[in-house]
Amino acid sequence: MIQLPTDLTLRLEKIFTKQEIKDLKDTFWLEKRPTTFRINTIKWNVEEIEGELEKNKISYTKLDFPENCYVIPSPHPSPKERGSRTVSESDLWKLICYTSGRIYIQGISSQIPPTLFSGENPSKILDATAAPWGKTSHLSALYPDAQIYAFEPSKIRYDKMCHNLKKLWCSNVETIYDSIENIEKHIDAMSSWTWFRIFPGGDNVSKTDPATSAGWQEKECFFDMILIDAPCSSEWSLLYNNTKFLENWDISHIKKNYKRQKRICDSLIPYLKKWWEMIYSTCTLSPEENEWVIHYLLCNYPELELGKIELPDTPEVITKNPLITFERYSYKKEISENCVRIIPSRYSEGFFIAKLIKKEA
Ligand SMILES: C[S@@+](CC[C@H](N)C(=O)[O-])C[C@H]1O[C@@H](n2cnc3c(N)ncnc32)[C@H](O)[C@@H]1O
């Protein structure tokens, strides 16, 4: 049995109930979660993908939520899955639907944040922390008529992202190799952008955004939707036999991360248009990087309000309300009422998601 560092155990006991901790510990023996993927609806449709899986005798389950999400039985099948052929992620790599970018291997929880924006017909969307590109490509599929800007400051991750966004046909995404904290120096270039769309059917279109071509001067209030899938201490991966992660777990990573998360949010609030939304998500369990960051934003930006996130209750996505207190800190109670924590489980990564709406100050 894997031993957790004492500090981490004590923290988990303050975040989760006894039963939740027991369930978490039951997943430690898993070497791997079941492989899950999302259909890239820019390129392909459900029937064609299912046809290719069946031709290759790969069993799958299509989930009702999130939309277009599939689960492939894992190397350690649950009683329900026993008897089906077990497939590993590398089996999927051989399929044409994978090599041609028609499916994207992605955790279930990661498929949720881009679907939670409620505005219609956005013209400009920012994916502030974009690599490795999973949520950027999802936004591109969900909002094909919007211009999407994707920032990433790590060169290796940026280059991979550019390559793969092309492979997935995300032609409405402009990538920017820089820290989002430097956004101001890119705004002028972003506002004079013209885009060229190549449709699979060859019906090509070139389009200039009328708002920007008319001479957009304001440096503030630029985006209709902002996604901050923040760099974080990734504590969800402490499950699934990740001994390397456990050896390196240290409270100092959490402190470093929440300072960076607050800086990223601070640099973006002025660029969110009024009445539009910002989604903040992380895959860490630590309240300092989740509830505390949102508490900080609500205290410092009176123009921000929380939007309610309601996820369907399914066996694959198990949720709980965020915390009201943690150690000596208390958080605004609307955080617990409106945001959501996804509990790490056999199927899903642990996640925290908040939706912030910009209203009148
Ligand atoms: C959690 S990952 C994002 C995952 C991505 N949204 C996806 O779904 O594939 C966070 C990313 O933020 C990047 N990052 C770190 N600091 C950043 C900054 N200051 N500005 C923009 N991105 C940053 C990291 O290099 C990392 O690629």
# chains A, B, ... in the order shown; residues from 1 in each chain; ligands from 1
call {"tool": "residues_near_ligand", "arguments": {"ligand": "ligand 1", "cutoff": "8 Å", "atoms": "only C-alpha atoms and all ligand atoms", "output": "PyMOL selection string"}}
result
chain A and resi 110+127-136+151-154+157-158+178-181+228-232+234+260+264+282-283
call {"tool": "write_last_selection", "arguments": {"atoms": "C-alpha atoms", "output": "mmCIF file, in the first residue's frame"}}
result
data_model
loop_
_atom_site.group_PDB
_atom_site.id
_atom_site.type_symbol
_atom_site.label_atom_id
_atom_site.label_comp_id
_atom_site.auth_asym_id
_atom_site.auth_seq_id
_atom_site.Cartn_x
_atom_site.Cartn_y
_atom_site.Cartn_z
ATOM 1 C CA SER A 110 -10.843 18.037 -18.642
ATOM 2 C CA ASP A 127 -7.450 30.300 -23.733
ATOM 3 C CA ALA A 128 -4.951 31.859 -21.344
ATOM 4 C CA THR A 129 -2.870 28.782 -20.473
ATOM 5 C CA ALA A 130 -3.365 26.570 -23.453
ATOM 6 C CA ALA A 131 -0.874 23.698 -23.857
ATOM 7 C CA PRO A 132 -1.123 20.836 -24.379
ATOM 8 C CA TRP A 133 -4.154 22.074 -26.436
ATOM 9 C CA GLY A 134 -6.985 19.798 -25.238
ATOM 10 C CA LYS A 135 -9.320 22.571 -24.158
ATOM 11 C CA THR A 136 -8.246 24.897 -26.987
ATOM 12 C CA PHE A 151 -1.162 31.573 -24.985
ATOM 13 C CA GLU A 152 1.618 29.232 -23.886
ATOM 14 C CA PRO A 153 5.066 30.257 -22.549
ATOM 15 C CA SER A 154 6.818 26.872 -22.641
ATOM 16 C CA ARG A 157 4.691 22.699 -25.212
ATOM 17 C CA TYR A 158 3.944 25.617 -27.561
ATOM 18 C CA ASP A 178 4.351 34.082 -24.324
ATOM 19 C CA SER A 179 3.208 34.300 -20.730
ATOM 20 C CA ILE A 180 -0.360 35.536 -20.441
ATOM 21 C CA GLU A 181 0.941 38.038 -17.923
ATOM 22 C CA ILE A 228 -7.927 29.949 -17.295
ATOM 23 C CA ASP A 229 -7.081 26.276 -16.914
ATOM 24 C CA ALA A 230 -4.397 27.309 -14.494
ATOM 25 C CA PRO A 231 -0.944 25.829 -14.052
ATOM 26 C CA CYS A 232 -1.248 24.132 -10.668
ATOM 27 C CA SER A 234 -1.715 18.824 -10.212
ATOM 28 C CA ARG A 260 1.067 32.662 -9.984
ATOM 29 C CA ILE A 264 -2.658 35.411 -14.074
ATOM 30 C CA THR A 282 -7.419 23.472 -11.882
ATOM 31 C CA CYS A 283 -6.639 19.784 -11.461
#
call {"tool": "closest_residue", "arguments": {"among": "A:Cys221, A:Tyr149, A:Met161, A:Leu142", "to": "Ala189 (chain A)", "atoms": "only C-alpha atoms"}}
result
A:Tyr149
call {"tool": "residues_around", "arguments": {"residues": "Leu8 (chain A)", "least_positions_apart": "6", "cutoff": "9 Å", "atoms": "only C-alpha atoms", "output": "ChimeraX atom specification"}}
result
/A:249-251
call {"tool": "write_last_selection", "arguments": {"atoms": "C-alpha atoms", "output": "PDB file, in the first residue's frame"}}
result
ATOM      1  CA  TRP A 249       4.881  16.610  -3.107  1.00  0.00           C
ATOM      2  CA  ASP A 250       5.706  19.682  -1.073  1.00  0.00           C
ATOM      3  CA  ILE A 251       3.567  22.460   0.348  1.00  0.00           C
TER       4      ILE A 251
END
call {"tool": "residues_around", "arguments": {"residues": "Tyr329 (chain A)", "least_positions_apart": "5", "cutoff": "12 Å", "atoms": "only C-alpha atoms", "output": "list in words"}}
result
Pro287, Glu288, Glu291, Trp292, His295, Tyr296, Leu323 and Ile324 of chain A
call {"tool": "write_last_selection", "arguments": {"atoms": "C-alpha atoms", "output": "PDB file, in the first residue's frame"}}
result
ATOM      1  CA  PRO A 287      -7.907  24.912  -1.384  1.00  0.00           C
ATOM      2  CA  GLU A 288      -5.187  27.565  -1.664  1.00  0.00           C
ATOM      3  CA  GLU A 291     -11.361  28.380  -3.189  1.00  0.00           C
ATOM      4  CA  TRP A 292      -8.692  30.830  -1.999  1.00  0.00           C
ATOM      5  CA  HIS A 295     -12.184  34.294  -2.697  1.00  0.00           C
ATOM      6  CA  TYR A 296      -9.332  36.700  -3.496  1.00  0.00           C
ATOM      7  CA  LEU A 323     -15.049  24.212   1.059  1.00  0.00           C
ATOM      8  CA  ILE A 324     -16.277  27.031   3.285  1.00  0.00           C
TER       9      ILE A 324
END
call {"tool": "closest_residue", "arguments": {"among": "A:Phe351, A:Tyr98, A:Tyr271, A:Tyr177", "to": "Ser237 (chain A)", "atoms": "only C-alpha atoms"}}
result
A:Phe351
call {"tool": "atom_distance", "arguments": {"atom1": "CA of Arg341 (chain A)", "atom2": "CA of Trp236 (chain A)"}}
result
11.5 Å
call {"tool": "atom_distance", "arguments": {"atom1": "CA of Asp26 (chain A)", "atom2": "CA of Ser233 (chain A)"}}
result
22.0 Å
call {"tool": "atom_distance", "arguments": {"atom1": "CA of Tyr143 (chain A)", "atom2": "CA of Val46 (chain A)"}}
result
18.5 Å
call {"tool": "select_by_dssp", "arguments": {"residues": "region 114-290 of chain A", "states": "alpha helix (DSSP H)", "output": "PyMOL selection string"}}
result
chain A and resi 134-142+155-167+187-191+210-213+243-248+251-268
call {"tool": "closest_residue", "arguments": {"among": "A:Asn172, A:Ser123, A:Asn182, A:Thr319", "to": "Pro144 (chain A)", "atoms": "only C-alpha atoms"}}
result
A:Asn172
call {"tool": "select_by_dssp", "arguments": {"residues": "region 158-359 of chain A", "states": "strand (DSSP E or B)", "output": "PyMOL selection string"}}
result
chain A and resi 173-176+194-197+205-208+223-229+272-282+304-307+319-320+325-326+329-330+340-342+351-358
call {"tool": "write_last_selection", "arguments": {"atoms": "N, CA and C atoms", "output": "compact mmCIF listing (two decimals), in the first residue's frame"}}
result
# COMPACT_ATOMS: atom_id res chain seq x y z
N VAL A 173 -7.89 29.26 -34.47
CA VAL A 173 -7.08 29.52 -33.27
C VAL A 173 -5.80 30.24 -33.68
N GLU A 174 -5.52 31.33 -33.00
CA GLU A 174 -4.22 32.00 -33.16
C GLU A 174 -3.39 31.70 -31.92
N THR A 175 -2.16 31.20 -32.11
CA THR A 175 -1.33 30.82 -30.95
C THR A 175 -0.32 31.92 -30.66
N ILE A 176 -0.06 32.14 -29.39
CA ILE A 176 0.90 33.17 -28.98
C ILE A 176 1.88 32.56 -27.99
N THR A 194 -6.97 38.99 -39.17
CA THR A 194 -7.88 38.49 -40.21
C THR A 194 -7.74 36.99 -40.26
N TRP A 195 -8.82 36.28 -40.37
CA TRP A 195 -8.66 34.83 -40.35
C TRP A 195 -9.13 34.17 -41.63
N PHE A 196 -8.52 33.03 -41.86
CA PHE A 196 -8.78 32.27 -43.07
C PHE A 196 -9.17 30.87 -42.67
N ARG A 197 -10.34 30.44 -43.04
CA ARG A 197 -10.83 29.13 -42.61
C ARG A 197 -10.80 28.15 -43.77
N VAL A 205 -13.03 30.28 -46.68
CA VAL A 205 -13.58 31.60 -46.38
C VAL A 205 -12.51 32.46 -45.72
N SER A 206 -12.41 33.70 -46.12
CA SER A 206 -11.52 34.64 -45.44
C SER A 206 -12.39 35.70 -44.78
N LYS A 207 -12.10 36.06 -43.56
CA LYS A 207 -13.04 36.95 -42.86
C LYS A 207 -12.28 37.90 -41.94
N THR A 208 -12.66 39.14 -41.94
CA THR A 208 -12.07 40.10 -41.00
C THR A 208 -13.15 40.46 -39.99
N PHE A 223 -12.29 40.33 -24.58
CA PHE A 223 -12.74 38.95 -24.79
C PHE A 223 -14.17 38.72 -24.27
N ASP A 224 -14.90 37.88 -25.00
CA ASP A 224 -16.24 37.48 -24.56
C ASP A 224 -16.14 36.33 -23.57
N MET A 225 -15.15 35.49 -23.78
CA MET A 225 -14.97 34.33 -22.89
C MET A 225 -13.47 34.16 -22.61
N ILE A 226 -13.16 33.90 -21.35
CA ILE A 226 -11.75 33.63 -20.99
C ILE A 226 -11.71 32.31 -20.23
N LEU A 227 -10.85 31.42 -20.69
CA LEU A 227 -10.62 30.17 -19.95
C LEU A 227 -9.24 30.23 -19.32
N ILE A 228 -9.22 30.08 -17.99
CA ILE A 228 -7.93 29.95 -17.29
C ILE A 228 -7.89 28.55 -16.71
N ASP A 229 -7.26 27.64 -17.43
CA ASP A 229 -7.08 26.28 -16.91
C ASP A 229 -5.68 26.31 -16.29
N LEU A 272 -11.80 41.15 -19.85
CA LEU A 272 -13.08 40.44 -20.01
C LEU A 272 -14.18 41.47 -20.26
N LYS A 273 -14.97 41.25 -21.32
CA LYS A 273 -16.07 42.17 -21.62
C LYS A 273 -17.17 42.07 -20.57
N LYS A 274 -17.85 43.18 -20.34
CA LYS A 274 -18.94 43.20 -19.36
C LYS A 274 -20.05 42.22 -19.78
N TRP A 275 -20.63 41.56 -18.84
CA TRP A 275 -21.70 40.56 -18.97
C TRP A 275 -21.21 39.24 -19.55
N TRP A 276 -19.91 39.13 -19.79
CA TRP A 276 -19.39 37.86 -20.30
C TRP A 276 -18.66 37.12 -19.18
N GLU A 277 -18.07 35.96 -19.52
CA GLU A 277 -17.65 35.03 -18.45
C GLU A 277 -16.20 34.57 -18.54
N MET A 278 -15.70 34.26 -17.35
CA MET A 278 -14.37 33.67 -17.26
C MET A 278 -14.51 32.35 -16.49
N ILE A 279 -13.98 31.27 -17.05
CA ILE A 279 -13.97 29.99 -16.33
C ILE A 279 -12.56 29.78 -15.78
N TYR A 280 -12.48 29.48 -14.49
CA TYR A 280 -11.20 29.18 -13.84
C TYR A 280 -11.24 27.71 -13.42
N SER A 281 -10.22 26.95 -13.83
CA SER A 281 -10.21 25.54 -13.41
C SER A 281 -8.79 25.11 -13.05
N THR A 282 -8.71 24.10 -12.19
CA THR A 282 -7.42 23.47 -11.88
C THR A 282 -7.65 21.97 -11.70
N LEU A 304 -17.05 41.39 -10.24
CA LEU A 304 -17.17 39.96 -10.52
C LEU A 304 -18.22 39.29 -9.65
N GLU A 305 -19.02 38.43 -10.29
CA GLU A 305 -19.97 37.60 -9.55
C GLU A 305 -19.81 36.16 -10.00
N LEU A 306 -20.20 35.24 -9.15
CA LEU A 306 -20.09 33.84 -9.55
C LEU A 306 -21.33 33.40 -10.31
N GLY A 307 -21.12 32.60 -11.35
CA GLY A 307 -22.24 31.94 -12.03
C GLY A 307 -22.35 30.54 -11.46
N THR A 319 -19.21 14.72 -7.83
CA THR A 319 -18.88 16.10 -7.44
C THR A 319 -19.12 16.32 -5.95
N LYS A 320 -18.57 17.41 -5.46
CA LYS A 320 -18.90 17.86 -4.10
C LYS A 320 -18.81 19.38 -4.08
N THR A 325 -14.47 26.50 4.80
CA THR A 325 -13.29 26.82 5.62
C THR A 325 -12.20 25.79 5.35
N PHE A 326 -10.99 26.21 5.55
CA PHE A 326 -9.86 25.27 5.49
C PHE A 326 -8.77 25.81 6.40
N TYR A 329 -8.57 29.55 7.53
CA TYR A 329 -9.19 30.47 6.56
C TYR A 329 -10.65 30.13 6.32
N SER A 330 -11.47 31.18 6.13
CA SER A 330 -12.82 30.91 5.62
C SER A 330 -13.00 31.64 4.31
N VAL A 340 -17.66 24.16 -8.25
CA VAL A 340 -17.76 22.71 -8.09
C VAL A 340 -16.37 22.08 -7.95
N ARG A 341 -16.32 21.03 -7.12
CA ARG A 341 -15.14 20.17 -7.07
C ARG A 341 -15.53 18.83 -7.67
N ILE A 342 -14.70 18.28 -8.54
CA ILE A 342 -14.91 16.90 -9.01
C ILE A 342 -13.94 16.04 -8.21
N PHE A 351 -10.89 17.83 -10.03
CA PHE A 351 -10.91 19.16 -10.64
C PHE A 351 -11.64 20.13 -9.74
N PHE A 352 -11.34 21.42 -9.93
CA PHE A 352 -12.11 22.50 -9.31
C PHE A 352 -12.49 23.42 -10.46
N ILE A 353 -13.76 23.85 -10.49
CA ILE A 353 -14.18 24.76 -11.58
C ILE A 353 -15.03 25.90 -11.01
N ALA A 354 -14.71 27.11 -11.45
CA ALA A 354 -15.50 28.30 -11.06
C ALA A 354 -15.86 29.08 -12.32
N LYS A 355 -17.05 29.71 -12.29
CA LYS A 355 -17.44 30.58 -13.40
C LYS A 355 -17.63 32.00 -12.86
N LEU A 356 -16.89 32.94 -13.41
CA LEU A 356 -16.98 34.34 -12.95
C LEU A 356 -17.61 35.19 -14.04
N ILE A 357 -18.61 36.00 -13.66
CA ILE A 357 -19.28 36.87 -14.64
C ILE A 357 -18.94 38.31 -14.30
N LYS A 358 -18.63 39.10 -15.35
CA LYS A 358 -18.30 40.50 -15.09
C LYS A 358 -19.57 41.34 -15.16
